[in-house]
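Read the structure below first, then the notes.
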Amino acid sequence: MIDNDSLAALIRRDLPDAQVEIVDRTGTMDHFNVTVRSRSFAGRTLIEQHQLVYGALRGALKDGRVHAVELKTLVSEG
Amino acid sequence: MSEQLKTEIAAEVAANKILVYGKGTKTAPRCGFTLETIQFFDHFGYPFEVVDVLENMPKREVLAEMTNWPTLPKVFIDGKFYGDTDILGPMAQNGELQTVLREAFGGEAQTKATINLH
């Protein structure tokens, strides 16, 4: 389990400019819908964008704090 | 151990045009995302295989390292890693996936999409 703020903080540790929206899908604090908007995604393929976010969440996925993520990434302007 | 697993994974990926590493089997998926991925490919009508790695932690570790992708399912098409339906969904919407599949299967298979009348 992890709360939304801690999850967003993990993502921002790797992507400091990221705007993160999180929805707890199941109310159990381990299945999330995550939308990340960042300038770091510019010029990268969708799969590379997702790999950046998953890199940030690797520890939390590995130790079971997060079970599943439905991820959406967007390139932010400017 | 991990070299052996890498060889095993490479052989599985090479033997199947569409390969899904998931939780559970094609007929008995044990995870909502794996089921979603099976339904996704059922719709396209091309043959695909599902390898159950739910209980195989060493293989899951090696797969995660190889793809830089920590979650299941993991989808390979024609030997290339495509992530999961969060990637494939948008690719299907913009037509990119249909091109990838047509090229992978040499254009011989027909998709089911055209006979869906609903």
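Order determines the names: the first chain of the structure tokens is A, the second B, and so forth; residues in each chain are numbered 1 upward, and ligands are numbered 1 upward as they are shown.
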Which residues are close to stretch 47-61 of chain A, i.e. within 6 Å by only C-alpha atoms, leaving aside same-chain residues fewer than 5 positions away? Reply as a PyMOL selection string.
chain A and resi 11+14+41+66
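All residues in chain B with a DSSP state of strand (DSSP E), computed from the backbone, read B:Ile18, B:Leu19, B:Val20, B:Tyr21, B:Gly22, B:Glu49, B:Val50, B:Val51, B:Asp52, B:Lys74, B:Val75, B:Phe76, B:Ile77, B:Lys80, B:Phe81.
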Quick one: which residues from chain B are at most 8 Å off chain A, using only C-alpha atoms, as a PDB file with N, CA and C atoms, in the first residue's frame?
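Just written: selection_13.pdb:
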ATOM      1  N   ASN B  68      13.318  -3.427 -19.144  1.00  0.00           N
ATOM      2  CA  ASN B  68      13.209  -2.214 -18.342  1.00  0.00           C
ATOM      3  C   ASN B  68      11.737  -1.890 -18.072  1.00  0.00           C
ATOM      4  N   TRP B  69      10.984  -2.931 -17.766  1.00  0.00           N
ATOM      5  CA  TRP B  69       9.530  -2.824 -17.600  1.00  0.00           C
ATOM      6  C   TRP B  69       9.131  -3.740 -16.453  1.00  0.00           C
ATOM      7  N   PRO B  70       8.747  -3.195 -15.308  1.00  0.00           N
ATOM      8  CA  PRO B  70       8.586  -4.041 -14.117  1.00  0.00           C
ATOM      9  C   PRO B  70       7.281  -4.827 -14.033  1.00  0.00           C
ATOM     10  N   THR B  71       6.258  -4.458 -14.815  1.00  0.00           N
ATOM     11  CA  THR B  71       4.937  -5.073 -14.610  1.00  0.00           C
ATOM     12  C   THR B  71       4.614  -6.134 -15.649  1.00  0.00           C
ATOM     13  N   TYR B  82       6.708  -4.395 -26.826  1.00  0.00           N
ATOM     14  CA  TYR B  82       5.720  -3.324 -26.966  1.00  0.00           C
ATOM     15  C   TYR B  82       5.009  -2.962 -25.664  1.00  0.00           C
ATOM     16  N   GLY B  83       5.545  -3.358 -24.517  1.00  0.00           N
ATOM     17  CA  GLY B  83       4.910  -2.976 -23.253  1.00  0.00           C
ATOM     18  C   GLY B  83       3.598  -3.710 -23.032  1.00  0.00           C
ATOM     19  N   ASP B  86      -1.539  -0.294 -22.363  1.00  0.00           N
ATOM     20  CA  ASP B  86      -1.432   1.169 -22.253  1.00  0.00           C
ATOM     21  C   ASP B  86      -0.669   1.742 -23.452  1.00  0.00           C
ATOM     22  N   ILE B  87       0.205   0.940 -24.047  1.00  0.00           N
ATOM     23  CA  ILE B  87       0.945   1.332 -25.247  1.00  0.00           C
ATOM     24  C   ILE B  87       0.196   0.868 -26.494  1.00  0.00           C
TER      25      ILE B  87
END
Extract the full set of alpha helix (DSSP H) residues from chain B according to DSSP on the backbone, and format it as a PyMOL selection string.
chain B and resi 2-15+32-44+57-67+85-93+96-104
Just the number, please: distance in Å from atom CA of B:Leu72 to atom CA of A:Gly43, one decimal.
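Here the two named atoms are 25.8 Å from each other.
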